[in-house]
$ cat coords-v3.cif   # mmCIF, C-alpha atoms and all ligand atoms
data_coords
#
loop_
_atom_site.label_atom_id
_atom_site.label_comp_id
_atom_site.auth_asym_id
_atom_site.auth_seq_id
_atom_site.Cartn_x
_atom_site.Cartn_y
_atom_site.Cartn_z
CA MET A 593 8.04 7.73 -0.80
CA ASP A 594 4.60 9.23 -0.30
CA TYR A 595 2.72 10.95 -3.05
CA THR A 596 -0.44 12.91 -2.70
CA LEU A 597 -2.92 13.04 -5.53
CA SER A 598 -1.70 16.50 -6.52
CA ASP A 599 1.85 15.14 -6.88
CA ILE A 600 0.53 12.36 -9.06
CA LEU A 601 -1.47 14.74 -11.15
CA LYS A 602 1.55 16.97 -11.51
CA ASN A 603 3.17 14.06 -13.26
CA THR A 604 6.07 13.70 -10.87
CA PRO A 605 8.11 10.48 -10.73
CA ILE A 606 4.91 8.61 -10.73
CA SER A 607 4.81 8.05 -14.44
CA ALA A 608 5.83 4.50 -13.44
CA PRO A 609 3.71 2.21 -15.61
CA SER A 610 2.73 -0.13 -12.76
CA GLN A 611 1.40 1.32 -9.56
CA ILE A 612 -0.30 0.20 -6.38
CA TRP A 613 -2.65 2.74 -4.86
CA VAL A 614 -3.46 2.19 -1.20
CA GLY A 615 -6.46 3.71 0.51
CA ASP A 616 -10.17 3.58 1.12
CA SER A 617 -11.91 2.04 -1.90
CA LEU A 618 -14.46 4.81 -2.50
CA ILE A 619 -11.83 7.51 -2.22
CA LEU A 620 -9.48 5.60 -4.51
CA ALA A 621 -12.18 5.09 -7.13
CA GLU A 622 -12.72 8.84 -7.27
CA GLN A 623 -9.00 9.61 -7.29
CA VAL A 624 -8.29 7.11 -10.05
CA THR A 625 -11.12 8.64 -12.08
CA LEU A 626 -9.65 12.12 -11.66
CA PHE A 627 -6.20 10.81 -12.53
CA LEU A 628 -7.52 9.25 -15.73
CA GLN A 629 -9.37 12.44 -16.67
CA GLU A 630 -6.14 14.31 -16.18
CA LYS A 631 -4.38 11.88 -18.48
CA LEU A 632 -7.02 11.48 -21.16
CA CYS A 633 -9.06 14.68 -21.28
CA SER A 634 -7.89 17.18 -23.91
CA TYR A 635 -9.45 20.10 -22.05
CA ASN A 636 -7.63 20.08 -18.73
CA THR A 637 -9.82 17.68 -16.74
CA CYS A 638 -12.93 19.59 -17.76
CA SER A 639 -15.41 16.93 -16.52
CA VAL A 640 -17.86 17.85 -19.27
CA CYS A 641 -16.27 16.68 -22.53
CA ILE A 642 -17.15 13.36 -24.09
CA SER A 643 -13.88 11.85 -22.92
CA CYS A 644 -14.44 12.85 -19.27
CA SER A 645 -18.04 11.57 -19.43
CA TYR A 646 -16.93 8.21 -20.75
CA ILE A 647 -14.28 7.98 -18.03
CA ARG A 648 -16.82 8.75 -15.31
CA GLN A 649 -19.27 6.24 -16.79
CA ARG A 650 -16.45 3.71 -17.00
CA ASN A 651 -16.98 3.40 -20.70
CA HIS A 652 -13.76 4.85 -22.03
CA GLN A 653 -12.05 2.92 -24.80
CA SER A 654 -8.58 3.37 -23.27
CA ILE A 655 -9.44 2.04 -19.82
CA LEU A 656 -10.32 -1.41 -18.57
CA TRP A 657 -11.79 -1.42 -15.07
CA ILE A 658 -11.52 -4.90 -13.64
CA ARG A 659 -13.71 -5.46 -10.64
CA PRO A 660 -14.33 -9.09 -9.74
CA GLU A 661 -17.61 -10.45 -8.37
CA LYS A 662 -15.76 -12.19 -5.54
CA GLY A 663 -12.08 -12.48 -6.34
CA TYR A 664 -10.07 -12.34 -9.55
CA VAL A 665 -9.78 -15.57 -11.50
CA LEU A 666 -7.49 -16.32 -14.43
CA GLU A 667 -10.37 -15.85 -16.91
CA ASP A 668 -10.56 -12.20 -15.81
CA LEU A 669 -7.08 -11.76 -17.24
CA HIS A 670 -7.73 -13.11 -20.74
CA LEU A 671 -8.94 -9.73 -21.95
CA VAL A 672 -5.90 -8.05 -20.35
CA PHE A 673 -3.50 -10.27 -22.25
CA SER A 674 -5.31 -9.93 -25.54
CA LEU A 675 -5.33 -6.13 -25.21
CA LEU A 676 -1.62 -6.13 -24.35
CA SER A 677 -0.89 -7.80 -27.67
CA PHE A 678 -1.91 -4.65 -29.59
CA VAL A 679 0.92 -2.26 -30.31
CA ARG A 680 0.36 1.26 -28.95
CA ASP A 681 2.52 4.29 -28.56
CA THR A 682 3.08 6.62 -25.64
CA THR A 683 0.68 9.22 -27.01
CA ASP A 684 -2.14 6.69 -26.92
CA PRO A 685 -2.00 5.23 -23.40
CA PHE A 686 -4.17 2.43 -22.06
CA TYR A 687 -4.96 1.82 -18.39
CA PHE A 688 -5.84 -1.38 -16.58
CA ILE A 689 -7.46 -0.69 -13.22
CA PHE A 690 -7.71 -3.56 -10.74
CA GLU A 691 -10.17 -2.29 -8.20
CA LYS A 692 -9.80 -4.96 -5.55
CA ALA A 693 -6.20 -6.00 -5.90
CA GLU A 694 -6.24 -7.74 -2.53
CA THR A 695 -8.42 -10.43 -4.14
CA LEU A 696 -5.82 -11.36 -6.78
CA THR A 697 -4.95 -15.01 -6.26
CA PRO A 698 -1.28 -16.03 -6.37
CA ALA A 699 -1.99 -17.66 -9.74
CA CYS A 700 -3.39 -14.39 -11.14
CA THR A 701 -0.54 -12.36 -9.67
CA ASN A 702 2.06 -14.71 -11.12
CA ALA A 703 0.41 -14.63 -14.52
CA LEU A 704 0.63 -10.82 -14.48
CA LEU A 705 4.16 -10.37 -13.13
CA LYS A 706 5.98 -10.22 -16.42
CA SER A 707 3.55 -7.72 -17.94
CA ILE A 708 3.67 -5.57 -14.81
CA GLU A 709 7.42 -5.53 -14.67
CA GLU A 710 7.82 -4.30 -18.21
CA PRO A 711 4.49 -3.39 -19.72
CA PRO A 712 4.50 -2.98 -23.50
CA THR A 713 4.75 0.68 -24.54
CA GLY A 714 1.68 2.71 -23.69
CA TYR A 715 0.16 0.28 -21.16
CA HIS A 716 -0.31 1.14 -17.49
CA PHE A 717 -1.49 -0.86 -14.49
CA ILE A 718 -3.10 0.54 -11.38
CA PHE A 719 -3.83 -1.85 -8.52
CA CYS A 720 -6.15 -0.43 -5.88
CA THR A 721 -6.24 -1.89 -2.42
CA TYR A 722 -7.00 -1.10 1.17
CA HIS A 723 -4.37 -3.48 2.51
CA LEU A 724 -0.96 -3.31 0.92
CA SER A 725 0.19 -6.28 2.97
CA SER A 726 -2.42 -8.51 1.37
CA LEU A 727 -0.67 -8.24 -2.01
CA LEU A 728 2.11 -10.67 -2.81
CA THR A 729 5.53 -9.15 -2.26
CA THR A 730 6.45 -10.10 -5.83
CA LEU A 731 3.69 -7.74 -6.99
CA GLN A 732 4.64 -5.01 -4.50
CA SER A 733 8.27 -5.07 -5.57
CA ARG A 734 7.39 -4.49 -9.23
CA CYS A 735 5.11 -1.54 -8.60
CA HIS A 736 5.37 2.00 -7.45
CA VAL A 737 3.38 2.25 -4.21
CA VAL A 738 1.22 5.33 -3.72
CA ARG A 739 -0.35 5.75 -0.32
CA HIS A 740 -3.32 8.04 -0.13
CA LYS A 741 -3.26 9.93 3.08
CA THR A 742 -6.59 9.36 4.69
CA GLN A 743 -7.55 8.71 8.26
CA GLU A 744 -8.44 5.12 7.35
CA ASN A 745 -5.05 4.72 5.75
CA ASP A 746 -3.29 5.90 8.86
CA ASN A 747 -5.24 3.34 10.85
CA THR A 748 -4.34 0.62 8.36
CA ILE A 749 -0.63 1.31 8.70
CA ASN A 750 -0.88 1.35 12.47
CA ARG A 751 -2.82 -1.90 12.46
CA GLU A 752 -0.20 -3.53 10.25
CA LEU A 753 2.64 -2.26 12.44
CA PHE A 754 0.81 -3.32 15.60
CA ASP A 755 0.49 -6.84 14.17
CA LEU A 756 4.21 -6.95 13.39
CA PHE A 757 5.28 -5.73 16.81
CA THR A 758 3.08 -8.20 18.64
CA GLN A 759 4.71 -11.25 17.05
CA LYS A 760 7.23 -13.26 18.98
CA GLU A 761 9.14 -14.27 15.87
CA MET A 762 11.08 -11.65 13.96
CA PRO A 763 9.18 -10.53 10.84
CA SER A 764 11.07 -9.92 7.59
CA LEU A 765 13.24 -6.82 8.04
CA SER A 766 13.08 -5.87 4.38
CA TYR A 767 9.29 -6.13 4.38
CA PHE A 768 9.14 -3.99 7.49
CA CYS A 769 11.44 -1.32 6.02
CA LYS A 770 9.48 -1.21 2.82
CA MET A 771 6.24 -0.82 4.73
CA VAL A 772 7.56 2.01 6.88
CA GLU A 773 9.13 3.78 3.91
CA SER A 774 5.99 3.64 1.81
CA SER A 775 3.73 4.65 4.70
CA ALA A 776 2.85 8.08 5.85
CA LEU A 777 3.79 7.27 9.44
CA SER A 778 3.47 10.46 11.43
CA GLU A 779 4.90 11.32 14.85
CA HIS A 780 1.42 11.25 16.29
CA SER A 781 0.64 7.78 14.82
CA LEU A 782 3.93 6.39 16.09
CA LYS A 783 3.21 7.67 19.59
CA LEU A 784 -0.28 6.12 19.61
CA LEU A 785 1.16 2.89 18.28
CA CYS A 786 3.76 2.77 21.07
CA ILE A 787 1.13 3.38 23.74
CA ASP A 788 -1.04 0.56 22.35
CA LEU A 789 1.98 -1.72 22.22
CA LEU A 790 3.03 -0.82 25.73
CA ASN A 791 -0.43 -1.85 26.96
CA PHE A 792 -0.26 -5.07 25.00
CA TRP A 793 3.22 -6.06 26.17
CA THR A 794 2.54 -5.16 29.80
CA LYS A 795 -0.39 -7.59 29.75
CA GLN A 796 1.79 -10.20 28.05
CA TYR A 797 4.44 -9.73 30.71
CA LEU A 798 1.95 -10.15 33.55
CA ALA A 799 0.50 -13.27 31.92
CA ALA A 800 3.93 -14.78 31.30
CA HIS A 801 4.99 -13.97 34.84
CA HIS A 802 1.81 -15.49 36.22
CA ASN A 803 2.27 -18.64 34.14
CA ASN A 804 5.97 -18.75 34.90
CA VAL A 805 7.27 -18.73 31.33
CA PRO A 806 10.70 -17.04 31.63
CA GLN A 807 11.32 -16.85 27.89
CA ASP A 808 8.07 -14.95 27.27
CA CYS A 809 8.78 -12.73 30.28
CA ALA A 810 12.14 -11.80 28.81
CA HIS A 811 10.72 -10.95 25.38
CA ALA A 812 7.94 -8.85 26.93
CA GLN A 813 10.47 -7.04 29.13
CA GLN A 814 12.63 -6.28 26.12
CA ALA A 815 9.60 -4.88 24.30
CA ILE A 816 8.53 -2.74 27.28
CA LYS A 817 12.06 -1.38 27.65
CA ALA A 818 12.29 -0.41 23.97
CA LEU A 819 8.83 1.22 23.97
CA SER A 820 9.44 3.15 27.20
CA ALA A 821 12.75 4.44 25.86
CA LEU A 822 11.05 5.70 22.71
CA LEU A 823 8.18 7.34 24.59
CA GLU A 824 10.49 9.07 27.07
CA ASN A 825 11.75 11.52 24.47
CA PRO A 826 9.81 13.85 22.23
CA ILE A 827 9.44 12.57 18.67
CA MET A 828 10.94 15.09 16.26
CA PRO A 829 9.03 15.97 13.08
CA GLY A 830 9.95 13.61 10.26
CA SER A 831 11.74 11.16 12.50
CA ALA A 832 8.93 8.62 12.90
CA PRO A 833 10.08 6.18 10.16
CA LEU A 834 13.65 6.08 11.52
CA LEU A 835 12.43 5.64 15.11
CA ALA A 836 10.13 2.82 13.97
CA LYS A 837 13.12 1.06 12.39
CA ASN A 838 15.19 1.47 15.57
CA LEU A 839 12.29 0.10 17.56
CA PHE A 840 12.20 -2.92 15.29
CA LEU A 841 15.89 -3.58 15.90
CA ASP A 842 15.47 -3.14 19.67
CA PHE A 843 12.54 -5.53 19.63
CA PHE A 844 13.92 -8.33 17.59
CA LEU A 845 17.69 -8.10 17.36
CA LYS A 846 18.97 -7.44 20.86
ZN ZN A 901 -12.75 16.57 -20.31
#

$ encode --input "coords-v3.cif" --output "structure tokens"
Amino acid sequence: MDYTLSDILKNTPISAPSQIWVGDSLILAEQVTLFLQEKLCSYNTCSVCISCSYIRQRNHQSILWIRPEKGYVLEDLHLVFSLLSFVRDTTDPFYFIFEKAETLTPACTNALLKSIEEPPTGYHFIFCTYHLSSLLTTLQSRCHVVRHKTQENDNTINRELFDLFTQKEMPSLSYFCKMVESSALSEHSLKLLCIDLLNFWTKQYLAAHHNNVPQDCAHAQQAIKALSALLENPIMPGSAPLLAKNLFLDFFLK
């Protein structure tokens, strides 16, 4: 599912305690700040009260911003765990914001998994990242993914899909489906993606043909056939995710 900031602020399903926000880091920082003001300001996100000022200065007592120098290390999490040991209630929420979640090491991620899956009452986690795919799938599966629709974001999704469709080996189908479902893949993006892929696979075919590698020729031909079939017909509004899944099956399962 895709949520825009206004959906999030309207408090829709996204009250999930553990979330991954995907987008450009500067934009996310601002959106997280607004989100926190919405949650913690008593005057309707006024931006001028003491609470809003503390949030904007990153000084608020109910928020821990965790931004590593290089990447997160286990020591960065000590404060998280000690804070989690305090009992809170839902009217007194606390937010942990990981600003560069893509730099969480597997050890850090694993240490956090249990707390993320079922945070103690009142605690919330927000993981910000530009690249969803750089987070461990164990983290992704325990969080609600919120994609922020920006131009950069669109490019990120297309880059990730391009990488998947240029592999010879079949990528994980469940990972692929999750990525497509959580992305804001538009008809236009899908079309551009197919054109880029068609270019790529035509070159691969010519190279394989030139080097006389029948197996590679066959895979490239299969790819070209699937892409041409998709591009031959107009892409109906809203159908891009389904078409991307069909393309995946045509690429890797036939
Ligand atoms: Zn305020």

$ axis_aligned_box --input "coords-v3.cif" --around "range 672-682 of chain A" --padding-each-side "8 Å" --output "AutoDock Vina command-line options"
--center_x -1.4 --center_y -1.8 --center_z -25.3 --size_x 25.0 --size_y 32.9 --size_z 26.0

$ residues_near_ligand --input "coords-v3.cif" --ligand "ligand ZN 901 (chain A)" --cutoff "12 Å" --atoms "all atoms listed in the file" --output "mmCIF file with C-alpha atoms, in the coordinates of the input"
data_model
loop_
_atom_site.group_PDB
_atom_site.id
_atom_site.type_symbol
_atom_site.label_atom_id
_atom_site.label_comp_id
_atom_site.auth_asym_id
_atom_site.auth_seq_id
_atom_site.Cartn_x
_atom_site.Cartn_y
_atom_site.Cartn_z
ATOM 1 C CA THR A 625 -11.120 8.640 -12.080
ATOM 2 C CA LEU A 626 -9.650 12.120 -11.660
ATOM 3 C CA PHE A 627 -6.200 10.810 -12.530
ATOM 4 C CA LEU A 628 -7.520 9.250 -15.730
ATOM 5 C CA GLN A 629 -9.370 12.440 -16.670
ATOM 6 C CA GLU A 630 -6.140 14.310 -16.180
ATOM 7 C CA LYS A 631 -4.380 11.880 -18.480
ATOM 8 C CA LEU A 632 -7.020 11.480 -21.160
ATOM 9 C CA CYS A 633 -9.060 14.680 -21.280
ATOM 10 C CA SER A 634 -7.890 17.180 -23.910
ATOM 11 C CA TYR A 635 -9.450 20.100 -22.050
ATOM 12 C CA ASN A 636 -7.630 20.080 -18.730
ATOM 13 C CA THR A 637 -9.820 17.680 -16.740
ATOM 14 C CA CYS A 638 -12.930 19.590 -17.760
ATOM 15 C CA SER A 639 -15.410 16.930 -16.520
ATOM 16 C CA VAL A 640 -17.860 17.850 -19.270
ATOM 17 C CA CYS A 641 -16.270 16.680 -22.530
ATOM 18 C CA ILE A 642 -17.150 13.360 -24.090
ATOM 19 C CA SER A 643 -13.880 11.850 -22.920
ATOM 20 C CA CYS A 644 -14.440 12.850 -19.270
ATOM 21 C CA SER A 645 -18.040 11.570 -19.430
ATOM 22 C CA TYR A 646 -16.930 8.210 -20.750
ATOM 23 C CA ILE A 647 -14.280 7.980 -18.030
ATOM 24 C CA ARG A 648 -16.820 8.750 -15.310
ATOM 25 C CA HIS A 652 -13.760 4.850 -22.030
#

$ residues_around --input "coords-v3.cif" --residues "Pro609 in chain A" --least-positions-apart "5" --cutoff "12 Å" --atoms "all atoms listed in the file" --output "number ranges by chain"
A: 682, 685-689, 707-719, 734-737

$ atom_distance --input "coords-v3.cif" --atom1 "CA of Leu784 in chain A" --atom2 "CA of Phe754 in chain A"
10.3 Å

$ atom_distance --input "coords-v3.cif" --atom1 "CA of Leu823 in chain A" --atom2 "CA of Ala836 in chain A"
11.7 Å

$ residues_around --input "coords-v3.cif" --residues "Ser725 in chain A" --least-positions-apart "6" --cutoff "10 Å" --atoms "all atoms listed in the file" --output "number ranges by chain"
A: 694, 732, 748-749, 752, 767, 771

$ atom_distance --input "coords-v3.cif" --atom1 "CA of Leu798 in chain A" --atom2 "CA of Leu765 in chain A"
28.1 Å

$ closest_residue --input "coords-v3.cif" --among "A:Ser764, A:Gln653, A:Thr758, A:Ser781" --to "Lys795 in chain A" --atoms "all atoms listed in the file"
A:Thr758

$ closest_residue --input "coords-v3.cif" --among "A:Ala699, A:Leu731, A:Ala815, A:Val772" --to "Leu845 in chain A" --atoms "only C-alpha atoms"
A:Ala815

$ residues_near_point --input "coords-v3.cif" --point "(1.6, 1.5, -2.3)" --cutoff "9 Å" --atoms "all atoms listed in the file" --output "VMD selection string"
chain A and resid 594 611 to 615 719 to 721 724 732 735 to 740 771 774 to 775
